[in-house]
Structures are given as structure tokens and as C-alpha cells.
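Peer 1: One file is attached below, start-v3.txt, containing compact mmCIF, C-alpha atoms and all ligand atoms.
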# COMPACT_ATOMS: atom_id res chain seq x y z
CA MET I 132 -104.11 104.36 108.77
CA GLY I 133 -102.86 103.91 112.30
CA TYR I 134 -106.21 103.29 113.90
CA ILE I 135 -107.26 100.79 111.20
CA MET I 136 -104.17 98.72 111.98
CA ALA I 137 -104.94 99.01 115.69
CA ILE I 138 -108.47 97.70 115.13
CA ILE I 139 -107.29 94.85 112.88
CA THR I 140 -104.66 93.87 115.46
CA GLN I 141 -107.24 93.78 118.22
CA ILE I 142 -109.64 91.70 116.13
CA PHE I 143 -106.77 89.29 115.45
CA ILE I 144 -105.94 89.06 119.20
CA PHE I 145 -109.63 88.41 119.98
CA LEU I 146 -109.87 85.62 117.36
CA PHE I 147 -106.58 84.15 118.57
CA GLY I 148 -107.93 84.17 122.14
CA SER I 149 -111.15 82.42 121.10
CA ALA I 150 -109.10 79.72 119.31
CA ILE I 151 -106.99 79.21 122.43
CA GLY I 152 -110.24 79.07 124.41
CA SER I 153 -111.42 76.30 122.11
CA PHE I 154 -108.18 74.42 122.84
CA LEU I 155 -108.70 75.02 126.59
CA ASN I 156 -112.15 73.40 126.27
CA VAL I 157 -110.42 70.29 124.95
CA CYS I 158 -107.93 70.39 127.84
CA ILE I 159 -110.71 70.92 130.43
CA TYR I 160 -112.60 67.91 129.07
CA ARG I 161 -109.71 65.53 128.41
CA ILE I 162 -106.96 66.14 130.99
CA PRO I 163 -109.00 65.04 134.06
CA ARG I 164 -110.27 62.03 132.06
CA GLU I 165 -106.63 61.18 131.30
CA LYS I 166 -107.15 61.34 127.55
CA SER I 167 -104.65 62.73 125.04
CA ILE I 168 -105.25 66.39 124.16
CA ALA I 169 -103.83 65.85 120.66
CA ASN I 170 -105.72 62.78 119.44
CA PRO I 171 -108.35 61.91 118.37
CA PRO I 172 -109.94 65.08 116.89
CA SER I 173 -113.03 66.42 118.69
CA ALA I 174 -116.14 64.30 118.35
CA CYS I 175 -119.75 64.68 119.49
CA PRO I 176 -120.21 62.95 122.88
CA GLY I 177 -123.71 61.94 121.73
CA CYS I 178 -123.10 60.22 118.39
CA ASP I 179 -119.27 59.99 118.28
CA LYS I 180 -119.17 61.60 114.82
CA PRO I 181 -116.09 63.80 114.35
CA ILE I 182 -116.89 67.51 114.41
CA ARG I 183 -116.49 69.09 110.95
CA PHE I 184 -113.91 71.87 110.74
CA TYR I 185 -116.61 74.38 109.77
CA ASP I 186 -118.64 73.38 112.83
CA ASN I 187 -115.61 73.92 115.04
CA ILE I 188 -115.31 77.71 114.74
CA PRO I 189 -115.02 79.21 118.24
CA ILE I 190 -118.15 80.99 119.55
CA LEU I 191 -119.71 81.31 116.06
CA SER I 192 -120.42 77.60 115.42
CA TYR I 193 -122.35 77.31 118.67
CA ILE I 194 -124.63 80.15 117.57
CA LEU I 195 -125.04 78.82 113.99
CA LEU I 196 -125.83 75.30 115.24
CA ARG I 197 -128.13 76.76 117.96
CA GLY I 198 -126.24 74.73 120.55
CA LYS I 199 -126.96 71.32 119.00
CA CYS I 200 -124.91 68.65 117.22
CA ARG I 201 -125.51 68.79 113.44
CA ASP I 202 -125.83 64.99 113.23
CA CYS I 203 -127.79 63.82 116.26
CA GLY I 204 -129.09 67.01 117.87
CA THR I 205 -127.38 66.39 121.23
CA LYS I 206 -127.28 69.62 123.20
CA ILE I 207 -123.85 71.30 123.36
CA SER I 208 -123.08 72.93 126.71
CA ILE I 209 -123.23 76.74 126.68
CA ARG I 210 -119.97 76.59 128.62
CA TYR I 211 -117.94 75.86 125.47
CA PRO I 212 -118.66 79.19 123.75
CA LEU I 213 -118.48 80.97 127.14
CA VAL I 214 -114.94 79.67 127.80
CA GLU I 215 -113.98 80.77 124.27
CA LEU I 216 -115.49 84.20 124.79
CA LEU I 217 -113.89 84.58 128.23
CA THR I 218 -110.45 83.67 126.87
CA ALA I 219 -110.86 86.03 123.91
CA ILE I 220 -111.87 88.96 126.15
CA LEU I 221 -109.05 88.35 128.66
CA PHE I 222 -106.49 88.09 125.82
CA LEU I 223 -107.75 91.38 124.36
CA ILE I 224 -107.60 93.21 127.71
CA LEU I 225 -104.08 91.84 128.34
CA TYR I 226 -102.95 93.03 124.91
CA ARG I 227 -104.40 96.50 125.51
CA LYS I 228 -102.61 96.61 128.86
CA LEU I 229 -99.22 95.22 127.84
CA GLY I 230 -98.89 95.67 124.07
CA PHE I 231 -96.69 93.32 122.04
CA THR I 232 -94.18 92.55 124.80
CA PHE I 233 -92.64 89.47 126.33
CA GLU I 234 -94.84 90.15 129.36
CA LEU I 235 -97.89 89.68 127.14
CA PHE I 236 -96.60 86.25 126.09
CA VAL I 237 -95.97 85.31 129.74
CA PHE I 238 -99.40 86.39 130.97
CA LEU I 239 -101.33 84.88 128.05
CA ILE I 240 -99.87 81.54 129.19
CA PHE I 241 -100.62 82.28 132.85
CA VAL I 242 -104.24 83.28 132.17
CA SER I 243 -104.79 80.19 129.97
CA LEU I 244 -103.51 77.94 132.77
CA LEU I 245 -105.82 79.63 135.29
CA ILE I 246 -108.87 79.14 133.04
CA ALA I 247 -108.17 75.44 132.46
CA ILE I 248 -107.44 74.83 136.16
CA SER I 249 -110.59 76.66 137.35
CA PHE I 250 -113.02 74.71 135.18
CA ILE I 251 -111.40 71.34 135.85
CA ASP I 252 -111.50 72.09 139.59
CA LEU I 253 -115.19 73.09 139.32
CA ASP I 254 -116.02 69.82 137.53
CA PHE I 255 -113.84 67.32 139.36
CA GLN I 256 -112.55 69.03 142.53
CA ILE I 257 -109.02 68.26 141.39
CA ILE I 258 -106.21 70.32 139.95
CA PRO I 259 -104.07 68.14 137.66
CA ASP I 260 -100.35 68.26 138.47
CA ILE I 261 -99.53 68.59 134.78
CA LEU I 262 -101.10 72.07 134.91
CA SER I 263 -100.10 73.24 138.41
CA ILE I 264 -96.60 71.74 138.73
CA GLY I 265 -96.13 72.25 134.98
CA GLY I 266 -97.16 75.87 135.57
CA VAL I 267 -94.61 76.28 138.38
CA VAL I 268 -91.82 75.04 136.09
CA LEU I 269 -93.02 77.13 133.15
CA GLY I 270 -93.41 80.27 135.26
CA PHE I 271 -89.89 79.83 136.61
CA LEU I 272 -88.38 79.25 133.14
CA LEU I 273 -90.17 82.37 131.84
CA ALA I 274 -88.84 84.33 134.84
CA ILE I 275 -85.32 83.31 133.80
CA ALA I 276 -86.03 84.60 130.30
CA ARG I 277 -87.80 87.81 131.32
CA PRO I 278 -84.69 89.94 132.12
CA PHE I 279 -83.41 89.32 128.57
CA PHE I 280 -86.38 91.18 127.16
CA ARG I 281 -86.46 94.92 127.62
CA ASN I 282 -89.46 97.16 128.36
CA ILE I 283 -90.34 95.19 131.46
CA ASP I 284 -91.69 97.19 134.34
CA PRO I 285 -91.68 96.41 137.17
CA LYS I 286 -88.60 94.25 136.97
CA PHE I 287 -89.35 90.61 137.63
CA GLY I 288 -86.49 88.15 137.87
CA ILE I 289 -85.48 84.66 138.91
CA MET I 290 -85.45 85.45 142.64
CA ASP I 291 -88.93 87.03 142.53
CA SER I 292 -90.22 83.81 140.98
CA LEU I 293 -88.36 81.60 143.47
CA TYR I 294 -89.61 83.56 146.50
CA GLY I 295 -93.11 83.41 145.04
CA ILE I 296 -92.93 79.62 144.61
CA GLY I 297 -91.56 79.25 148.14
CA LEU I 298 -94.20 81.45 149.74
CA GLY I 299 -97.06 80.08 147.61
CA GLY I 300 -96.15 76.48 148.32
CA GLY I 301 -95.02 77.08 151.91
CA LEU I 302 -97.71 79.47 153.15
CA LEU I 303 -100.67 77.38 152.06
CA PHE I 304 -98.98 74.22 153.22
CA ALA I 305 -98.57 75.76 156.69
CA ILE I 306 -102.22 76.86 156.76
CA ALA I 307 -103.47 73.49 155.54
CA TRP I 308 -101.30 71.66 158.03
CA SER I 309 -102.44 73.74 161.01
CA TYR I 310 -106.07 73.43 159.95
CA GLN I 311 -105.73 69.68 159.74
CA PHE I 312 -103.84 69.61 163.05
CA VAL I 313 -106.55 71.55 164.86
CA THR I 314 -109.71 70.12 163.25
CA LYS I 315 -108.39 66.66 162.36
CA ARG I 316 -109.79 66.88 158.88
CA GLU I 317 -108.52 67.96 155.53
CA GLY I 318 -109.27 71.56 154.60
CA MET I 319 -107.26 72.82 151.74
CA GLY I 320 -106.34 70.36 149.03
CA GLY I 321 -102.79 69.73 147.88
CA GLY I 322 -103.90 71.00 144.49
CA ASP I 323 -104.57 74.48 145.91
CA ILE I 324 -101.06 74.56 147.37
CA LYS I 325 -99.49 73.74 144.01
CA LEU I 326 -101.75 76.28 142.31
CA LEU I 327 -100.62 79.04 144.67
CA ALA I 328 -97.00 78.02 144.05
CA MET I 329 -97.73 78.49 140.35
CA VAL I 330 -99.18 81.95 141.02
CA GLY I 331 -95.94 82.69 142.87
CA ALA I 332 -93.82 81.49 139.96
CA PHE I 333 -95.53 83.96 137.62
CA CYS I 334 -96.37 86.86 139.98
CA GLY I 335 -93.99 86.66 142.96
CA ILE I 336 -94.71 87.21 146.65
CA LYS I 337 -97.10 90.13 146.14
CA GLY I 338 -99.20 88.09 143.71
CA VAL I 339 -99.38 85.16 146.15
CA ILE I 340 -100.58 87.27 149.07
CA PHE I 341 -103.03 89.20 146.90
CA SER I 342 -104.50 86.03 145.35
CA LEU I 343 -104.82 84.28 148.71
CA VAL I 344 -106.51 87.24 150.43
CA SER I 345 -108.85 88.19 147.57
CA GLY I 346 -109.53 84.52 146.76
CA SER I 347 -110.53 83.89 150.39
CA ILE I 348 -112.80 86.95 150.43
CA LEU I 349 -114.45 85.94 147.13
CA GLY I 350 -114.76 82.34 148.31
CA THR I 351 -116.45 83.44 151.54
CA ILE I 352 -118.88 85.77 149.75
CA VAL I 353 -119.92 83.04 147.33
CA GLY I 354 -119.45 80.07 149.64
CA ILE I 355 -121.51 81.00 152.70
CA PRO I 356 -124.88 81.36 150.88
CA LEU I 357 -124.15 78.16 148.96
CA MET I 358 -123.38 76.25 152.16
CA LEU I 359 -126.50 77.63 153.86
CA ALA I 360 -128.62 76.69 150.86
CA LYS I 361 -127.23 73.18 150.83
CA LYS I 362 -127.45 73.00 154.65
CA GLU I 363 -123.96 71.62 154.68
CA SER I 364 -121.54 72.06 157.53
CA THR I 365 -118.32 74.01 157.17
CA LYS I 366 -116.98 70.94 155.43
CA TYR I 367 -114.83 71.63 152.42
CA ALA I 368 -117.46 71.35 149.69
CA ILE I 369 -116.69 74.11 147.21
CA PRO I 370 -113.38 73.97 145.36
CA PHE I 371 -111.04 76.80 146.33
CA GLY I 372 -109.04 76.70 143.08
CA PRO I 373 -111.44 78.85 141.00
CA PHE I 374 -111.41 81.56 143.69
CA LEU I 375 -107.62 81.52 143.96
CA SER I 376 -107.50 81.75 140.16
CA LEU I 377 -109.96 84.63 140.14
CA GLY I 378 -107.85 86.40 142.77
CA ALA I 379 -104.77 85.87 140.60
CA LEU I 380 -106.61 87.23 137.55
CA VAL I 381 -107.66 90.35 139.45
CA TYR I 382 -104.03 90.75 140.52
CA VAL I 383 -102.76 90.53 136.94
CA PHE I 384 -105.24 93.11 135.68
CA ILE I 385 -105.64 95.67 138.49
CA GLY I 386 -103.65 94.30 141.45
CA ASN I 387 -101.11 97.09 141.76
CA THR I 388 -103.74 99.82 141.45
CA LEU I 389 -105.92 98.12 144.09
CA ILE I 390 -103.01 97.65 146.49
CA ARG I 391 -101.93 101.28 146.07
CA SER I 392 -105.39 102.75 146.65
CA THR I 393 -106.02 100.44 149.63
CA LEU I 394 -102.74 101.51 151.23
CA ASN I 395 -103.54 105.18 150.54
CA PHE I 396 -106.97 104.70 152.10
CA LEU I 397 -105.48 103.02 155.18
CA VAL I 398 -103.00 105.86 155.84
CA GLY I 399 -105.79 108.38 155.23
CA ARG I 400 -104.64 109.92 151.95
ZN ZN I 501 -123.91 64.15 117.68
Would you kindly transcribe this structure into C-alpha cells?
Peer 2:
Amino acid sequence: MGYIMAIITQIFIFLFGSAIGSFLNVCIYRIPREKSIANPPSACPGCDKPIRFYDNIPILSYILLRGKCRDCGTKISIRYPLVELLTAILFLILYRKLGFTFELFVFLIFVSLLIAISFIDLDFQIIPDILSIGGVVLGFLLAIARPFFRNIDPKFGIMDSLYGIGLGGGLLFAIAWSYQFVTKREGMGGGDIKLLAMVGAFCGIKGVIFSLVSGSILGTIVGIPLMLAKKESTKYAIPFGPFLSLGALVYVFIGNTLIRSTLNFLVGR
């Protein structure tokens, strides 16, 4: 019986993740356009007809409708089901890693914020304050609550969150300021600074450093060929937010293992 329950639970987590992913799609579309995320219900951008509830099933509806609106045939972006699938998979991995704990609740929120922020930043090169600053506040409030829930390892408390916010906000601000001072042009956006402060609020100092270093490496690997292809100068053309978010995701899932093995490698063990 045990394994049947385990499978049912994981299916439930996956479906829950895909539903949250569907909600994130709404946030990604509406927040940067300054529209309400509650009203009106989703409609086709082509013909304005409201989407029927049975055409609004995450992942599945896209496949059944073959990526087209039922009324007017307008193409639906493949990104909608992909965001739903991504969220579902990340939720499932988090559950398998953390089980039904308060930490799971905390990191489901964190991962959802990172997904919404990344795609908005890709589309508009902005990170809305409601998500980043809101995330800082939320991460701090959850850090206050975390010690009241047992089975938390490693311990993460109010001060860890505060130091993380301070370093995340302060470190990037210092880098951005020096870059601007030296080159006389804007490098890192204010949005990235608030995003890293949010990472700090949820993951502390270690998470901030890890996300910044791995995000910079990922950004360089992806960014240099893109810049060469576009023949653009070193001007800030590619948003940094998605890379910082990816770095933070890697930290949440395998950060501690990666840090440990890197340190072991460096001391020759
Ligand atoms: Zn339509």
C-alpha cells in the first residue's frame, strides 16, 4: 500500500505544480502590463473570447487543442505549457528532496517567484518590484516562522535572512556602482539588485554568493556567443535576472553538494 500512496502523492504534487505554473503564466503576462492577476478570467488574445474551463487544463489543453484557440485558431505560444511543465517538475523534485515540511512550502514559493521573474525579465528586461521587493519581505517573514517548525536542517533563522538581504542588496549595489563609476554607463539593473536581495532573504549569504558566481558563469557562457552573433558591444543587452534565478535554482537543488565537492577538489581530497 505504501508505494501506491507515494505514487498518488507525487502525481498530486505534479498536478498542483502544473496548476501553479498556469497561474504563473497569468502573472508573467499581466504583471508587467500592469493588469490585475485576478480579473478578468483568461481570454484569447486573438478573439477576446474567454477560455473555457475545459480548455484551461495545464499542459493537456495545449496538446488537445494542438496549440490553437478553439474559436479563432490563433496560435498559442508553446511557452505556456512549457512553464506549466517546468513548474510541475521543479515542484516534484522539491517534494522528493524535502518531503512534507515547512521548508517545502518556503521553497515552492521561492521557486515560483524565480520562474515568474525570469520570464518577465526575458520579455521586458524588467523585474517588477511587487515580485522582488515582495519576495524580500516574504522571504524574511518565512525566515521568522521557520524556527517554529521542526525538522529543519540546516537551521535557517532571522539573522541568516537579514545577512542575506544585506549582502544580496549591498554586494550587487557596490558592483553596479563601481561599474558605472568606471565605465560611465549602467551595467547591472536595479532589478537584479533587488532580486539578489530576495535570494538572500530565502537562502542567506551562501545562497547569494553561489547564485551570483554561478549566474555570472552561466551568463557568460550563454551571453558571449549571443553578443558575437548580434555583433553587439559589451553593452548590457541580455537580462541578467534569468541567470541569477537559474543560479539560485541550482543552489536550492544541489548547491550544498556542489560547494562541498568543489572545496574537496580544491584542497585535493
Ligand atoms: Zn481566439
Peer 1: Would you mind listing what lies within 10 Å of Ala219 in chain I as a PDB file with C-alpha atoms, in the coordinates of the input, with all atoms listed in the file counted and same-chain residues fewer than 4 positions away left out?
Peer 2:
ATOM      1  CA  ILE I 142    -109.640  91.700 116.130  1.00  0.00           C
ATOM      2  CA  PHE I 143    -106.770  89.290 115.450  1.00  0.00           C
ATOM      3  CA  ILE I 144    -105.940  89.060 119.200  1.00  0.00           C
ATOM      4  CA  PHE I 145    -109.630  88.410 119.980  1.00  0.00           C
ATOM      5  CA  LEU I 146    -109.870  85.620 117.360  1.00  0.00           C
ATOM      6  CA  PHE I 147    -106.580  84.150 118.570  1.00  0.00           C
ATOM      7  CA  GLY I 148    -107.930  84.170 122.140  1.00  0.00           C
ATOM      8  CA  SER I 149    -111.150  82.420 121.100  1.00  0.00           C
ATOM      9  CA  ALA I 150    -109.100  79.720 119.310  1.00  0.00           C
ATOM     10  CA  ILE I 151    -106.990  79.210 122.430  1.00  0.00           C
ATOM     11  CA  GLY I 152    -110.240  79.070 124.410  1.00  0.00           C
ATOM     12  CA  SER I 153    -111.420  76.300 122.110  1.00  0.00           C
ATOM     13  CA  PRO I 189    -115.020  79.210 118.240  1.00  0.00           C
ATOM     14  CA  ILE I 190    -118.150  80.990 119.550  1.00  0.00           C
ATOM     15  CA  LEU I 213    -118.480  80.970 127.140  1.00  0.00           C
ATOM     16  CA  VAL I 214    -114.940  79.670 127.800  1.00  0.00           C
ATOM     17  CA  GLU I 215    -113.980  80.770 124.270  1.00  0.00           C
ATOM     18  CA  LEU I 223    -107.750  91.380 124.360  1.00  0.00           C
ATOM     19  CA  ILE I 224    -107.600  93.210 127.710  1.00  0.00           C
ATOM     20  CA  LEU I 225    -104.080  91.840 128.340  1.00  0.00           C
TER      21      LEU I 225
END
Peer 1: Hey, which residues sit close to ligand ZN 501 (chain I)? Say within 7 Å, counting all atoms listed in the file, and write them as a ChimeraX atom specification.
Peer 2: /I:175-180,200-205
Peer 1: Gly378 in chain I: which residues within 9 Å, counting only C-alpha atoms, same-chain residues fewer than 5 positions away excluded, as an NGL selection string?
Peer 2: :I and (338 or 341-347 or 349 or 373 or 383)
Peer 1: Write the residues you've just listed into a file as a PDB file, in the coordinates of the input, and include C-alpha atoms for each of them.
Peer 2:
ATOM      1  CA  GLY I 338     -99.200  88.090 143.710  1.00  0.00           C
ATOM      2  CA  PHE I 341    -103.030  89.200 146.900  1.00  0.00           C
ATOM      3  CA  SER I 342    -104.500  86.030 145.350  1.00  0.00           C
ATOM      4  CA  LEU I 343    -104.820  84.280 148.710  1.00  0.00           C
ATOM      5  CA  VAL I 344    -106.510  87.240 150.430  1.00  0.00           C
ATOM      6  CA  SER I 345    -108.850  88.190 147.570  1.00  0.00           C
ATOM      7  CA  GLY I 346    -109.530  84.520 146.760  1.00  0.00           C
ATOM      8  CA  SER I 347    -110.530  83.890 150.390  1.00  0.00           C
ATOM      9  CA  LEU I 349    -114.450  85.940 147.130  1.00  0.00           C
ATOM     10  CA  PRO I 373    -111.440  78.850 141.000  1.00  0.00           C
ATOM     11  CA  VAL I 383    -102.760  90.530 136.940  1.00  0.00           C
TER      12      VAL I 383
END
Peer 1: If I put a ball of radius 12 Å at (-85.5, 83.1, 145.7) in the file's coordinates, which residues poke into it when counting only C-alpha atoms, written as a count of residues only?
Peer 2: 19
Peer 1: Would you compute the distance between CA of Ile240 in chain I and CA of Arg161 in chain I? Give it in Å to one decimal.
Peer 2: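 CA of Arg161 in chain I lies 18.8 Å from CA of Ile240 in chain I.
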Peer 1: My list of candidates is I:Leu394, I:Val157, I:Val242, I:Leu229. Which is closest to Tyr211 in chain I when distances are computed with only C-alpha atoms?
Peer 2: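 For Tyr211 in chain I, the nearest of the given residues is I:Val157.
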Peer 1: Tell me, in Å to one decimal, how far CA of Leu216 in chain I is from CA of Leu377 in chain I.
Peer 2: 16.3 Å
Peer 1: Would you compute the distance between CA of Leu326 in chain I and CA of Ser263 in chain I? Give it in Å to one decimal.
Peer 2: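 Atom-to-atom, CA of Leu326 in chain I to CA of Ser263 in chain I, that is 5.2 Å.
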Peer 1: Mind filling out range 187-208 of chain I with N, CA, C and O atoms and sending it as a PDB file, in the frame of the given file?
Peer 2:
ATOM      1  N   ASN I 187    -116.526  73.837 113.900  1.00  0.00           N
ATOM      2  CA  ASN I 187    -115.610  73.920 115.040  1.00  0.00           C
ATOM      3  C   ASN I 187    -115.050  75.327 115.179  1.00  0.00           C
ATOM      4  O   ASN I 187    -113.983  75.516 115.747  1.00  0.00           O
ATOM      5  N   ILE I 188    -115.759  76.322 114.643  1.00  0.00           N
ATOM      6  CA  ILE I 188    -115.310  77.710 114.740  1.00  0.00           C
ATOM      7  C   ILE I 188    -115.696  78.232 116.125  1.00  0.00           C
ATOM      8  O   ILE I 188    -116.867  78.146 116.517  1.00  0.00           O
ATOM      9  N   PRO I 189    -114.713  78.752 116.880  1.00  0.00           N
ATOM     10  CA  PRO I 189    -115.020  79.210 118.240  1.00  0.00           C
ATOM     11  C   PRO I 189    -116.184  80.205 118.247  1.00  0.00           C
ATOM     12  O   PRO I 189    -116.304  81.028 117.336  1.00  0.00           O
ATOM     13  N   ILE I 190    -116.996  80.121 119.287  1.00  0.00           N
ATOM     14  CA  ILE I 190    -118.150  80.990 119.550  1.00  0.00           C
ATOM     15  C   ILE I 190    -119.201  80.922 118.431  1.00  0.00           C
ATOM     16  O   ILE I 190    -120.356  80.574 118.676  1.00  0.00           O
ATOM     17  N   LEU I 191    -118.779  81.184 117.185  1.00  0.00           N
ATOM     18  CA  LEU I 191    -119.710  81.310 116.060  1.00  0.00           C
ATOM     19  C   LEU I 191    -120.473  80.005 115.775  1.00  0.00           C
ATOM     20  O   LEU I 191    -121.693  80.025 115.567  1.00  0.00           O
ATOM     21  N   SER I 192    -119.755  78.865 115.769  1.00  0.00           N
ATOM     22  CA  SER I 192    -120.420  77.600 115.420  1.00  0.00           C
ATOM     23  C   SER I 192    -121.541  77.272 116.394  1.00  0.00           C
ATOM     24  O   SER I 192    -122.592  76.767 115.996  1.00  0.00           O
ATOM     25  N   TYR I 193    -121.311  77.593 117.672  1.00  0.00           N
ATOM     26  CA  TYR I 193    -122.350  77.310 118.670  1.00  0.00           C
ATOM     27  C   TYR I 193    -123.631  78.066 118.327  1.00  0.00           C
ATOM     28  O   TYR I 193    -124.732  77.522 118.397  1.00  0.00           O
ATOM     29  N   ILE I 194    -123.459  79.329 117.915  1.00  0.00           N
ATOM     30  CA  ILE I 194    -124.630  80.150 117.570  1.00  0.00           C
ATOM     31  C   ILE I 194    -125.301  79.614 116.305  1.00  0.00           C
ATOM     32  O   ILE I 194    -126.520  79.446 116.252  1.00  0.00           O
ATOM     33  N   LEU I 195    -124.493  79.296 115.269  1.00  0.00           N
ATOM     34  CA  LEU I 195    -125.040  78.820 113.990  1.00  0.00           C
ATOM     35  C   LEU I 195    -125.760  77.488 114.175  1.00  0.00           C
ATOM     36  O   LEU I 195    -126.788  77.232 113.538  1.00  0.00           O
ATOM     37  N   LEU I 196    -125.221  76.618 115.028  1.00  0.00           N
ATOM     38  CA  LEU I 196    -125.830  75.300 115.240  1.00  0.00           C
ATOM     39  C   LEU I 196    -126.926  75.357 116.316  1.00  0.00           C
ATOM     40  O   LEU I 196    -127.534  74.341 116.638  1.00  0.00           O
ATOM     41  N   ARG I 197    -127.163  76.559 116.879  1.00  0.00           N
ATOM     42  CA  ARG I 197    -128.130  76.760 117.960  1.00  0.00           C
ATOM     43  C   ARG I 197    -127.893  75.773 119.101  1.00  0.00           C
ATOM     44  O   ARG I 197    -128.829  75.234 119.694  1.00  0.00           O
ATOM     45  N   GLY I 198    -126.602  75.548 119.394  1.00  0.00           N
ATOM     46  CA  GLY I 198    -126.240  74.730 120.550  1.00  0.00           C
ATOM     47  C   GLY I 198    -126.564  73.261 120.426  1.00  0.00           C
ATOM     48  O   GLY I 198    -126.729  72.581 121.437  1.00  0.00           O
ATOM     49  N   LYS I 199    -126.671  72.757 119.164  1.00  0.00           N
ATOM     50  CA  LYS I 199    -126.960  71.320 119.000  1.00  0.00           C
ATOM     51  C   LYS I 199    -126.015  70.696 117.986  1.00  0.00           C
ATOM     52  O   LYS I 199    -125.586  71.334 117.031  1.00  0.00           O
ATOM     53  N   CYS I 200    -125.736  69.379 118.184  1.00  0.00           N
ATOM     54  CA  CYS I 200    -124.910  68.650 117.220  1.00  0.00           C
ATOM     55  C   CYS I 200    -125.646  68.582 115.876  1.00  0.00           C
ATOM     56  O   CYS I 200    -126.848  68.331 115.822  1.00  0.00           O
ATOM     57  N   ARG I 201    -124.896  68.794 114.765  1.00  0.00           N
ATOM     58  CA  ARG I 201    -125.510  68.790 113.440  1.00  0.00           C
ATOM     59  C   ARG I 201    -126.060  67.406 113.080  1.00  0.00           C
ATOM     60  O   ARG I 201    -127.048  67.276 112.354  1.00  0.00           O
ATOM     61  N   ASP I 202    -125.431  66.348 113.621  1.00  0.00           N
ATOM     62  CA  ASP I 202    -125.830  64.990 113.230  1.00  0.00           C
ATOM     63  C   ASP I 202    -126.966  64.439 114.086  1.00  0.00           C
ATOM     64  O   ASP I 202    -127.949  63.938 113.555  1.00  0.00           O
ATOM     65  N   CYS I 203    -126.809  64.526 115.411  1.00  0.00           N
ATOM     66  CA  CYS I 203    -127.790  63.820 116.260  1.00  0.00           C
ATOM     67  C   CYS I 203    -128.617  64.768 117.106  1.00  0.00           C
ATOM     68  O   CYS I 203    -129.552  64.339 117.790  1.00  0.00           O
ATOM     69  N   GLY I 204    -128.280  66.072 117.113  1.00  0.00           N
ATOM     70  CA  GLY I 204    -129.090  67.010 117.870  1.00  0.00           C
ATOM     71  C   GLY I 204    -128.804  67.050 119.361  1.00  0.00           C
ATOM     72  O   GLY I 204    -129.514  67.731 120.103  1.00  0.00           O
ATOM     73  N   THR I 205    -127.760  66.316 119.815  1.00  0.00           N
ATOM     74  CA  THR I 205    -127.380  66.390 121.230  1.00  0.00           C
ATOM     75  C   THR I 205    -127.037  67.831 121.595  1.00  0.00           C
ATOM     76  O   THR I 205    -126.364  68.516 120.839  1.00  0.00           O
ATOM     77  N   LYS I 206    -127.532  68.260 122.770  1.00  0.00           N
ATOM     78  CA  LYS I 206    -127.280  69.620 123.200  1.00  0.00           C
ATOM     79  C   LYS I 206    -125.792  69.830 123.508  1.00  0.00           C
ATOM     80  O   LYS I 206    -125.146  69.008 124.155  1.00  0.00           O
ATOM     81  N   ILE I 207    -125.233  70.945 123.028  1.00  0.00           N
ATOM     82  CA  ILE I 207    -123.850  71.300 123.360  1.00  0.00           C
ATOM     83  C   ILE I 207    -123.909  72.287 124.518  1.00  0.00           C
ATOM     84  O   ILE I 207    -124.707  73.221 124.500  1.00  0.00           O
ATOM     85  N   SER I 208    -123.060  72.072 125.535  1.00  0.00           N
ATOM     86  CA  SER I 208    -123.080  72.930 126.710  1.00  0.00           C
ATOM     87  C   SER I 208    -122.727  74.372 126.326  1.00  0.00           C
ATOM     88  O   SER I 208    -121.809  74.619 125.552  1.00  0.00           O
TER      89      SER I 208
END
